[in-house]
Amino acid sequence: MDKKLIRKMVQKCFVQYRHDGSLPFGEAEFDELYLKIVEQKNEEPDADLHELINDAVYEFLAT
């Protein structure tokens, strides 16, 4: 999957949760989130990418 696309989608998701346009974590944390999203998509190929990203971001903020 295109990492740049995922990054933009994650950034937009954080904006929905009242964050500014930047990611509230470093590159290592983004890589972990990215890998989690890719793994979920591989496990559930029919799953909506937007929903997977939203779930991952929500889980990140909730922990």
# chains A, B, ... in the order shown; residues from 1 in each chain; ligands from 1
>>> select_by_dssp(residues="chain A", states="helix (DSSP H, G or I)", output="JSON list (two decimals) with all heavy atoms, in the first residue's frame")
[["chain", "number", "residue", "atom", "x", "y", "z"],
["A", 3, "LYS", "N", 2.38, 4.32, 1.25],
["A", 3, "LYS", "CA", 2.57, 4.88, 2.58],
["A", 3, "LYS", "C", 2.18, 6.36, 2.65],
["A", 3, "LYS", "O", 1.63, 6.82, 3.66],
["A", 3, "LYS", "CB", 4.03, 4.69, 3.00],
["A", 3, "LYS", "CG", 4.28, 4.85, 4.47],
["A", 3, "LYS", "CD", 5.68, 4.41, 4.81],
["A", 3, "LYS", "CE", 5.88, 4.39, 6.31],
["A", 3, "LYS", "NZ", 7.19, 3.88, 6.68],
["A", 4, "LYS", "N", 2.44, 7.09, 1.58],
["A", 4, "LYS", "CA", 2.08, 8.52, 1.57],
["A", 4, "LYS", "C", 0.57, 8.71, 1.62],
["A", 4, "LYS", "O", 0.07, 9.61, 2.30],
["A", 4, "LYS", "CB", 2.65, 9.20, 0.33],
["A", 4, "LYS", "CG", 4.15, 9.38, 0.37],
["A", 4, "LYS", "CD", 4.65, 10.09, -0.87],
["A", 4, "LYS", "CE", 6.15, 10.22, -0.83],
["A", 4, "LYS", "NZ", 6.66, 10.92, -2.02],
["A", 5, "LEU", "N", -0.16, 7.86, 0.91],
["A", 5, "LEU", "CA", -1.62, 7.94, 0.94],
["A", 5, "LEU", "C", -2.14, 7.64, 2.34],
["A", 5, "LEU", "O", -2.99, 8.37, 2.86],
["A", 5, "LEU", "CB", -2.22, 6.95, -0.06],
["A", 5, "LEU", "CG", -3.74, 6.81, -0.01],
["A", 5, "LEU", "CD1", -4.41, 8.12, -0.41],
["A", 5, "LEU", "CD2", -4.20, 5.67, -0.90],
["A", 6, "ILE", "N", -1.60, 6.60, 2.95],
["A", 6, "ILE", "CA", -2.02, 6.24, 4.31],
["A", 6, "ILE", "C", -1.72, 7.39, 5.27],
["A", 6, "ILE", "O", -2.54, 7.73, 6.13],
["A", 6, "ILE", "CB", -1.33, 4.94, 4.78],
["A", 6, "ILE", "CG1", -1.69, 3.78, 3.86],
["A", 6, "ILE", "CG2", -1.67, 4.64, 6.23],
["A", 6, "ILE", "CD1", -3.13, 3.37, 3.87],
["A", 7, "ARG", "N", -0.54, 8.01, 5.13],
["A", 7, "ARG", "CA", -0.17, 9.14, 6.00],
["A", 7, "ARG", "C", -1.20, 10.27, 5.88],
["A", 7, "ARG", "O", -1.66, 10.81, 6.87],
["A", 7, "ARG", "CB", 1.22, 9.65, 5.67],
["A", 7, "ARG", "CG", 1.66, 10.83, 6.55],
["A", 7, "ARG", "CD", 3.01, 11.38, 6.14],
["A", 7, "ARG", "NE", 4.05, 10.39, 6.23],
["A", 7, "ARG", "CZ", 4.73, 10.10, 7.34],
["A", 7, "ARG", "NH1", 4.47, 10.73, 8.45],
["A", 7, "ARG", "NH2", 5.68, 9.19, 7.33],
["A", 8, "LYS", "N", -1.57, 10.62, 4.64],
["A", 8, "LYS", "CA", -2.56, 11.69, 4.44],
["A", 8, "LYS", "C", -3.90, 11.33, 5.05],
["A", 8, "LYS", "O", -4.57, 12.16, 5.65],
["A", 8, "LYS", "CB", -2.72, 11.99, 2.94],
["A", 8, "LYS", "CG", -1.61, 12.79, 2.36],
["A", 8, "LYS", "CD", -1.97, 13.22, 0.96],
["A", 8, "LYS", "CE", -1.64, 14.68, 0.91],
["A", 8, "LYS", "NZ", -2.05, 15.38, -0.25],
["A", 9, "MET", "N", -4.30, 10.08, 4.88],
["A", 9, "MET", "CA", -5.58, 9.65, 5.43],
["A", 9, "MET", "C", -5.55, 9.66, 6.95],
["A", 9, "MET", "O", -6.53, 10.05, 7.60],
["A", 9, "MET", "CB", -5.93, 8.26, 4.89],
["A", 9, "MET", "CG", -6.22, 8.25, 3.40],
["A", 9, "MET", "SD", -6.43, 6.61, 2.71],
["A", 9, "MET", "CE", -8.08, 6.23, 3.29],
["A", 10, "VAL", "N", -4.43, 9.26, 7.54],
["A", 10, "VAL", "CA", -4.29, 9.29, 9.00],
["A", 10, "VAL", "C", -4.33, 10.74, 9.49],
["A", 10, "VAL", "O", -4.99, 11.05, 10.48],
["A", 10, "VAL", "CB", -2.99, 8.58, 9.44],
["A", 10, "VAL", "CG1", -2.65, 8.87, 10.89],
["A", 10, "VAL", "CG2", -3.11, 7.07, 9.22],
["A", 11, "GLN", "N", -3.64, 11.64, 8.79],
["A", 11, "GLN", "CA", -3.65, 13.05, 9.18],
["A", 11, "GLN", "C", -5.08, 13.61, 9.14],
["A", 11, "GLN", "O", -5.49, 14.32, 10.06],
["A", 11, "GLN", "CB", -2.75, 13.87, 8.24],
["A", 11, "GLN", "CG", -1.28, 13.67, 8.51],
["A", 11, "GLN", "CD", -0.41, 14.38, 7.49],
["A", 11, "GLN", "OE1", -0.75, 14.47, 6.31],
["A", 11, "GLN", "NE2", 0.73, 14.87, 7.94],
["A", 12, "LYS", "N", -5.82, 13.30, 8.11],
["A", 12, "LYS", "CA", -7.20, 13.78, 8.01],
["A", 12, "LYS", "C", -8.06, 13.21, 9.14],
["A", 12, "LYS", "O", -8.94, 13.89, 9.65],
["A", 12, "LYS", "CB", -7.80, 13.43, 6.65],
["A", 12, "LYS", "CG", -7.25, 14.28, 5.55],
["A", 12, "LYS", "CD", -7.90, 13.98, 4.23],
["A", 12, "LYS", "CE", -7.31, 14.88, 3.16],
["A", 12, "LYS", "NZ", -8.05, 14.84, 1.93],
["A", 13, "CYS", "N", -7.78, 11.98, 9.51],
["A", 13, "CYS", "CA", -8.54, 11.37, 10.60],
["A", 13, "CYS", "C", -8.24, 12.08, 11.92],
["A", 13, "CYS", "O", -9.14, 12.31, 12.72],
["A", 13, "CYS", "CB", -8.19, 9.89, 10.68],
["A", 13, "CYS", "SG", -9.32, 8.94, 11.69],
["A", 14, "PHE", "N", -6.98, 12.43, 12.15],
["A", 14, "PHE", "CA", -6.63, 13.17, 13.37],
["A", 14, "PHE", "C", -7.31, 14.53, 13.39],
["A", 14, "PHE", "O", -7.70, 15.01, 14.46],
["A", 14, "PHE", "CB", -5.11, 13.33, 13.52],
["A", 14, "PHE", "CG", -4.47, 12.18, 14.22],
["A", 14, "PHE", "CD1", -3.74, 11.24, 13.52],
["A", 14, "PHE", "CD2", -4.60, 12.02, 15.59],
["A", 14, "PHE", "CE1", -3.15, 10.17, 14.17],
["A", 14, "PHE", "CE2", -4.01, 10.96, 16.25],
["A", 14, "PHE", "CZ", -3.28, 10.03, 15.53],
["A", 15, "VAL", "N", -7.46, 15.16, 12.25],
["A", 15, "VAL", "CA", -8.16, 16.45, 12.19],
["A", 15, "VAL", "C", -9.61, 16.28, 12.64],
["A", 15, "VAL", "O", -10.15, 17.14, 13.35],
["A", 15, "VAL", "CB", -8.07, 17.05, 10.77],
["A", 15, "VAL", "CG1", -9.01, 18.24, 10.61],
["A", 15, "VAL", "CG2", -6.64, 17.46, 10.45],
["A", 16, "GLN", "N", -10.23, 15.16, 12.30],
["A", 16, "GLN", "CA", -11.59, 14.90, 12.75],
["A", 16, "GLN", "C", -11.67, 14.85, 14.27],
["A", 16, "GLN", "O", -12.70, 15.18, 14.85],
["A", 16, "GLN", "CB", -12.09, 13.56, 12.20],
["A", 16, "GLN", "CG", -12.41, 13.58, 10.74],
["A", 16, "GLN", "CD", -12.87, 12.22, 10.27],
["A", 16, "GLN", "OE1", -12.28, 11.20, 10.60],
["A", 16, "GLN", "NE2", -13.94, 12.21, 9.51],
["A", 27, "GLU", "N", 7.92, 9.45, 13.67],
["A", 27, "GLU", "CA", 7.94, 8.54, 12.54],
["A", 27, "GLU", "C", 7.84, 7.08, 12.96],
["A", 27, "GLU", "O", 7.17, 6.28, 12.31],
["A", 27, "GLU", "CB", 9.22, 8.76, 11.72],
["A", 27, "GLU", "CG", 9.20, 8.10, 10.36],
["A", 27, "GLU", "CD", 8.13, 8.65, 9.42],
["A", 27, "GLU", "OE1", 7.77, 9.83, 9.53],
["A", 27, "GLU", "OE2", 7.66, 7.87, 8.58],
["A", 28, "ALA", "N", 8.47, 6.72, 14.07],
["A", 28, "ALA", "CA", 8.42, 5.33, 14.55],
["A", 28, "ALA", "C", 6.99, 4.92, 14.91],
["A", 28, "ALA", "O", 6.55, 3.81, 14.57],
["A", 28, "ALA", "CB", 9.34, 5.15, 15.75],
["A", 29, "GLU", "N", 6.27, 5.81, 15.57],
["A", 29, "GLU", "CA", 4.88, 5.52, 15.93],
["A", 29, "GLU", "C", 4.00, 5.43, 14.68],
["A", 29, "GLU", "O", 3.10, 4.60, 14.61],
["A", 29, "GLU", "CB", 4.32, 6.56, 16.90],
["A", 29, "GLU", "CG", 4.92, 6.50, 18.27],
["A", 29, "GLU", "CD", 6.19, 7.32, 18.41],
["A", 29, "GLU", "OE1", 6.66, 7.91, 17.40],
["A", 29, "GLU", "OE2", 6.73, 7.37, 19.52],
["A", 30, "PHE", "N", 4.27, 6.31, 13.70],
["A", 30, "PHE", "CA", 3.50, 6.23, 12.46],
["A", 30, "PHE", "C", 3.75, 4.90, 11.76],
["A", 30, "PHE", "O", 2.82, 4.28, 11.25],
["A", 30, "PHE", "CB", 3.82, 7.38, 11.51],
["A", 30, "PHE", "CG", 3.17, 7.20, 10.16],
["A", 30, "PHE", "CD1", 1.81, 7.38, 10.00],
["A", 30, "PHE", "CD2", 3.91, 6.79, 9.07],
["A", 30, "PHE", "CE1", 1.19, 7.16, 8.78],
["A", 30, "PHE", "CE2", 3.31, 6.57, 7.84],
["A", 30, "PHE", "CZ", 1.95, 6.76, 7.70],
["A", 31, "ASP", "N", 5.01, 4.45, 11.75],
["A", 31, "ASP", "CA", 5.34, 3.18, 11.12],
["A", 31, "ASP", "C", 4.58, 2.03, 11.77],
["A", 31, "ASP", "O", 4.09, 1.13, 11.09],
["A", 31, "ASP", "CB", 6.85, 2.92, 11.17],
["A", 31, "ASP", "CG", 7.62, 3.80, 10.20],
["A", 31, "ASP", "OD1", 7.02, 4.32, 9.24],
["A", 31, "ASP", "OD2", 8.84, 3.95, 10.40],
["A", 32, "GLU", "N", 4.46, 2.07, 13.10],
["A", 32, "GLU", "CA", 3.70, 1.03, 13.81],
["A", 32, "GLU", "C", 2.22, 1.07, 13.40],
["A", 32, "GLU", "O", 1.61, 0.03, 13.14],
["A", 32, "GLU", "CB", 3.81, 1.21, 15.32],
["A", 32, "GLU", "CG", 5.16, 0.88, 15.89],
["A", 32, "GLU", "CD", 5.23, 1.13, 17.39],
["A", 32, "GLU", "OE1", 4.18, 1.06, 18.07],
["A", 32, "GLU", "OE2", 6.33, 1.40, 17.88],
["A", 33, "LEU", "N", 1.67, 2.27, 13.36],
["A", 33, "LEU", "CA", 0.27, 2.44, 12.97],
["A", 33, "LEU", "C", 0.06, 2.00, 11.52],
["A", 33, "LEU", "O", -0.91, 1.30, 11.20],
["A", 33, "LEU", "CB", -0.13, 3.91, 13.15],
["A", 33, "LEU", "CG", -1.60, 4.26, 13.07],
["A", 33, "LEU", "CD1", -2.39, 3.57, 14.16],
["A", 33, "LEU", "CD2", -1.78, 5.76, 13.20],
["A", 34, "TYR", "N", 0.99, 2.36, 10.66],
["A", 34, "TYR", "CA", 0.92, 1.98, 9.25],
["A", 34, "TYR", "C", 0.94, 0.46, 9.10],
["A", 34, "TYR", "O", 0.11, -0.11, 8.38],
["A", 34, "TYR", "CB", 2.09, 2.61, 8.49],
["A", 34, "TYR", "CG", 2.24, 2.12, 7.08],
["A", 34, "TYR", "CD1", 1.38, 2.55, 6.07],
["A", 34, "TYR", "CD2", 3.23, 1.20, 6.74],
["A", 34, "TYR", "CE1", 1.51, 2.09, 4.77],
["A", 34, "TYR", "CE2", 3.36, 0.73, 5.44],
["A", 34, "TYR", "CZ", 2.51, 1.19, 4.47],
["A", 34, "TYR", "OH", 2.61, 0.73, 3.19],
["A", 35, "LEU", "N", 1.85, -0.20, 9.80],
["A", 35, "LEU", "CA", 1.94, -1.66, 9.72],
["A", 35, "LEU", "C", 0.67, -2.33, 10.24],
["A", 35, "LEU", "O", 0.19, -3.31, 9.67],
["A", 35, "LEU", "CB", 3.15, -2.17, 10.50],
["A", 35, "LEU", "CG", 4.50, -1.86, 9.86],
["A", 35, "LEU", "CD1", 5.64, -2.29, 10.78],
["A", 35, "LEU", "CD2", 4.63, -2.51, 8.50],
["A", 36, "LYS", "N", 0.10, -1.77, 11.28],
["A", 36, "LYS", "CA", -1.14, -2.30, 11.83],
["A", 36, "LYS", "C", -2.27, -2.20, 10.80],
["A", 36, "LYS", "O", -3.04, -3.13, 10.61],
["A", 36, "LYS", "CB", -1.51, -1.56, 13.10],
["A", 36, "LYS", "CG", -2.75, -2.05, 13.77],
["A", 36, "LYS", "CD", -3.00, -1.33, 15.06],
["A", 36, "LYS", "CE", -4.23, -1.90, 15.72],
["A", 36, "LYS", "NZ", -4.45, -1.39, 17.04],
["A", 37, "ILE", "N", -2.36, -1.07, 10.13],
["A", 37, "ILE", "CA", -3.40, -0.85, 9.12],
["A", 37, "ILE", "C", -3.20, -1.81, 7.95],
["A", 37, "ILE", "O", -4.15, -2.44, 7.48],
["A", 37, "ILE", "CB", -3.39, 0.62, 8.64],
["A", 37, "ILE", "CG1", -3.84, 1.54, 9.77],
["A", 37, "ILE", "CG2", -4.27, 0.80, 7.41],
["A", 37, "ILE", "CD1", -3.55, 3.00, 9.54],
["A", 38, "VAL", "N", -1.97, -1.96, 7.50],
["A", 38, "VAL", "CA", -1.68, -2.86, 6.38],
["A", 38, "VAL", "C", -1.99, -4.31, 6.75],
["A", 38, "VAL", "O", -2.59, -5.05, 5.95],
["A", 38, "VAL", "CB", -0.21, -2.71, 5.92],
["A", 38, "VAL", "CG1", 0.18, -3.80, 4.94],
["A", 38, "VAL", "CG2", 0.01, -1.34, 5.31],
["A", 39, "GLU", "N", -1.63, -4.71, 7.96],
["A", 39, "GLU", "CA", -1.92, -6.08, 8.41],
["A", 39, "GLU", "C", -3.43, -6.33, 8.45],
["A", 39, "GLU", "O", -3.90, -7.38, 8.02],
["A", 39, "GLU", "CB", -1.31, -6.34, 9.78],
["A", 39, "GLU", "CG", 0.19, -6.49, 9.76],
["A", 39, "GLU", "CD", 0.80, -6.56, 11.15],
["A", 39, "GLU", "OE1", 0.05, -6.60, 12.15],
["A", 39, "GLU", "OE2", 2.03, -6.57, 11.23],
["A", 40, "GLN", "N", -4.16, -5.36, 8.98],
["A", 40, "GLN", "CA", -5.62, -5.50, 9.04],
["A", 40, "GLN", "C", -6.21, -5.61, 7.64],
["A", 40, "GLN", "O", -7.11, -6.41, 7.40],
["A", 40, "GLN", "CB", -6.26, -4.31, 9.76],
["A", 40, "GLN", "CG", -6.13, -4.36, 11.24],
["A", 40, "GLN", "CD", -7.12, -5.36, 11.85],
["A", 40, "GLN", "OE1", -7.75, -6.15, 11.18],
["A", 40, "GLN", "NE2", -7.22, -5.31, 13.15],
["A", 41, "LYS", "N", -5.71, -4.80, 6.71],
["A", 41, "LYS", "CA", -6.22, -4.82, 5.34],
["A", 41, "LYS", "C", -5.90, -6.16, 4.68],
["A", 41, "LYS", "O", -6.72, -6.70, 3.93],
["A", 41, "LYS", "CB", -5.63, -3.66, 4.53],
["A", 41, "LYS", "CG", -6.19, -3.54, 3.14],
["A", 41, "LYS", "CD", -7.67, -3.23, 3.14],
["A", 41, "LYS", "CE", -8.17, -2.98, 1.73],
["A", 41, "LYS", "NZ", -9.62, -2.90, 1.65],
["A", 42, "ASN", "N", -4.72, -6.72, 4.97],
["A", 42, "ASN", "CA", -4.37, -8.02, 4.41],
["A", 42, "ASN", "C", -5.24, -9.13, 5.00],
["A", 42, "ASN", "O", -5.58, -10.08, 4.29],
["A", 42, "ASN", "CB", -2.89, -8.33, 4.65],
["A", 42, "ASN", "CG", -1.99, -7.47, 3.79],
["A", 42, "ASN", "OD1", -2.38, -6.97, 2.74],
["A", 42, "ASN", "ND2", -0.76, -7.28, 4.24],
["A", 43, "GLU", "N", -5.59, -9.02, 6.27],
["A", 43, "GLU", "CA", -6.44, -10.01, 6.91],
["A", 43, "GLU", "C", -7.89, -9.91, 6.43],
["A", 43, "GLU", "O", -8.59, -10.91, 6.35],
["A", 43, "GLU", "CB", -6.41, -9.85, 8.43],
["A", 43, "GLU", "CG", -5.10, -10.25, 9.06],
["A", 43, "GLU", "CD", -5.05, -9.95, 10.55],
["A", 43, "GLU", "OE1", -6.10, -9.62, 11.14],
["A", 43, "GLU", "OE2", -3.96, -10.05, 11.13],
["A", 49, "LEU", "N", -10.85, 0.79, 3.73],
["A", 49, "LEU", "CA", -9.59, 1.34, 4.24],
["A", 49, "LEU", "C", -9.85, 2.52, 5.18],
["A", 49, "LEU", "O", -9.17, 2.65, 6.20],
["A", 49, "LEU", "CB", -8.70, 1.78, 3.07],
["A", 49, "LEU", "CG", -7.31, 2.30, 3.43],
["A", 49, "LEU", "CD1", -6.52, 1.25, 4.20],
["A", 49, "LEU", "CD2", -6.57, 2.71, 2.17],
["A", 50, "HIS", "N", -10.84, 3.34, 4.87],
["A", 50, "HIS", "CA", -11.16, 4.47, 5.73],
["A", 50, "HIS", "C", -11.58, 4.00, 7.13],
["A", 50, "HIS", "O", -11.17, 4.59, 8.13],
["A", 50, "HIS", "CB", -12.28, 5.33, 5.13],
["A", 50, "HIS", "CG", -11.87, 6.05, 3.89],
["A", 50, "HIS", "ND1", -11.15, 7.22, 3.92],
["A", 50, "HIS", "CD2", -12.07, 5.75, 2.59],
["A", 50, "HIS", "CE1", -10.93, 7.63, 2.69],
["A", 50, "HIS", "NE2", -11.48, 6.75, 1.85],
["A", 51, "GLU", "N", -12.36, 2.95, 7.19],
["A", 51, "GLU", "CA", -12.78, 2.41, 8.48],
["A", 51, "GLU", "C", -11.60, 1.84, 9.26],
["A", 51, "GLU", "O", -11.50, 2.03, 10.48],
["A", 51, "GLU", "CB", -13.85, 1.35, 8.29],
["A", 51, "GLU", "CG", -15.18, 1.91, 7.86],
["A", 51, "GLU", "CD", -16.24, 0.84, 7.69],
["A", 51, "GLU", "OE1", -16.11, -0.23, 8.31],
["A", 51, "GLU", "OE2", -17.19, 1.08, 6.94],
["A", 52, "LEU", "N", -10.71, 1.13, 8.58],
["A", 52, "LEU", "CA", -9.53, 0.57, 9.25],
["A", 52, "LEU", "C", -8.66, 1.67, 9.83],
["A", 52, "LEU", "O", -8.17, 1.56, 10.96],
["A", 52, "LEU", "CB", -8.72, -0.28, 8.27],
["A", 52, "LEU", "CG", -9.38, -1.56, 7.76],
["A", 52, "LEU", "CD1", -8.49, -2.25, 6.74],
["A", 52, "LEU", "CD2", -9.70, -2.50, 8.91],
["A", 53, "ILE", "N", -8.48, 2.74, 9.07],
["A", 53, "ILE", "CA", -7.67, 3.86, 9.54],
["A", 53, "ILE", "C", -8.35, 4.55, 10.70],
["A", 53, "ILE", "O", -7.72, 4.85, 11.72],
["A", 53, "ILE", "CB", -7.38, 4.84, 8.39],
["A", 53, "ILE", "CG1", -6.42, 4.18, 7.40],
["A", 53, "ILE", "CG2", -6.82, 6.17, 8.91],
["A", 53, "ILE", "CD1", -6.19, 4.95, 6.13],
["A", 54, "ASN", "N", -9.64, 4.78, 10.59],
["A", 54, "ASN", "CA", -10.38, 5.41, 11.67],
["A", 54, "ASN", "C", -10.30, 4.59, 12.95],
["A", 54, "ASN", "O", -10.08, 5.13, 14.04],
["A", 54, "ASN", "CB", -11.84, 5.63, 11.26],
["A", 54, "ASN", "CG", -12.55, 6.58, 12.17],
["A", 54, "ASN", "OD1", -11.94, 7.47, 12.75],
["A", 54, "ASN", "ND2", -13.84, 6.40, 12.32],
["A", 55, "ASP", "N", -10.45, 3.28, 12.83],
["A", 55, "ASP", "CA", -10.36, 2.40, 14.01],
["A", 55, "ASP", "C", -8.96, 2.45, 14.63],
["A", 55, "ASP", "O", -8.82, 2.50, 15.85],
["A", 55, "ASP", "CB", -10.70, 0.95, 13.63],
["A", 55, "ASP", "CG", -12.17, 0.77, 13.28],
["A", 55, "ASP", "OD1", -12.98, 1.68, 13.57],
["A", 55, "ASP", "OD2", -12.51, -0.29, 12.72],
["A", 56, "ALA", "N", -7.93, 2.44, 13.79],
["A", 56, "ALA", "CA", -6.56, 2.46, 14.29],
["A", 56, "ALA", "C", -6.26, 3.78, 15.01],
["A", 56, "ALA", "O", -5.63, 3.80, 16.07],
["A", 56, "ALA", "CB", -5.58, 2.24, 13.15],
["A", 57, "VAL", "N", -6.70, 4.90, 14.44],
["A", 57, "VAL", "CA", -6.47, 6.21, 15.05],
["A", 57, "VAL", "C", -7.25, 6.31, 16.36],
["A", 57, "VAL", "O", -6.73, 6.79, 17.36],
["A", 57, "VAL", "CB", -6.85, 7.35, 14.08],
["A", 57, "VAL", "CG1", -6.88, 8.69, 14.79],
["A", 57, "VAL", "CG2", -5.88, 7.38, 12.91],
["A", 58, "TYR", "N", -8.49, 5.86, 16.35],
["A", 58, "TYR", "CA", -9.29, 5.90, 17.58],
["A", 58, "TYR", "C", -8.62, 5.07, 18.68],
["A", 58, "TYR", "O", -8.52, 5.52, 19.83],
["A", 58, "TYR", "CB", -10.70, 5.37, 17.31],
["A", 58, "TYR", "CG", -11.55, 5.39, 18.56],
["A", 58, "TYR", "CD1", -12.14, 6.56, 18.98],
["A", 58, "TYR", "CD2", -11.73, 4.23, 19.32],
["A", 58, "TYR", "CE1", -12.91, 6.59, 20.14],
["A", 58, "TYR", "CE2", -12.49, 4.25, 20.47],
["A", 58, "TYR", "CZ", -13.08, 5.43, 20.88],
["A", 58, "TYR", "OH", -13.82, 5.46, 22.03],
["A", 59, "GLU", "N", -8.15, 3.89, 18.33],
["A", 59, "GLU", "CA", -7.47, 3.04, 19.31],
["A", 59, "GLU", "C", -6.21, 3.72, 19.83],
["A", 59, "GLU", "O", -5.91, 3.67, 21.02],
["A", 59, "GLU", "CB", -7.12, 1.69, 18.68],
["A", 59, "GLU", "CG", -6.52, 0.71, 19.66],
["A", 59, "GLU", "CD", -6.25, -0.63, 19.03],
["A", 59, "GLU", "OE1", -7.07, -1.10, 18.23],
["A", 59, "GLU", "OE2", -5.18, -1.18, 19.34],
["A", 60, "PHE", "N", -5.47, 4.39, 18.93],
["A", 60, "PHE", "CA", -4.26, 5.11, 19.34],
["A", 60, "PHE", "C", -4.61, 6.21, 20.35],
["A", 60, "PHE", "O", -3.94, 6.37, 21.36],
["A", 60, "PHE", "CB", -3.57, 5.71, 18.12],
["A", 60, "PHE", "CG", -2.42, 6.59, 18.47],
["A", 60, "PHE", "CD1", -1.18, 6.05, 18.74],
["A", 60, "PHE", "CD2", -2.58, 7.97, 18.55],
["A", 60, "PHE", "CE1", -0.11, 6.88, 19.08],
["A", 60, "PHE", "CE2", -1.51, 8.80, 18.88],
["A", 60, "PHE", "CZ", -0.28, 8.25, 19.15],
["A", 61, "LEU", "N", -5.66, 6.95, 20.08],
["A", 61, "LEU", "CA", -6.05, 8.06, 20.96],
["A", 61, "LEU", "C", -6.64, 7.55, 22.27],
["A", 61, "LEU", "O", -6.51, 8.22, 23.31],
["A", 61, "LEU", "CB", -7.05, 8.96, 20.25],
["A", 61, "LEU", "CG", -6.51, 9.77, 19.08],
["A", 61, "LEU", "CD1", -7.62, 10.48, 18.35],
["A", 61, "LEU", "CD2", -5.46, 10.77, 19.56],
["A", 62, "ALA", "N", -7.27, 6.40, 22.25],
["A", 62, "ALA", "CA", -7.92, 5.87, 23.44],
["A", 62, "ALA", "C", -6.93, 5.23, 24.42],
["A", 62, "ALA", "O", -7.26, 5.05, 25.59],
["A", 62, "ALA", "CB", -8.98, 4.87, 23.06]]
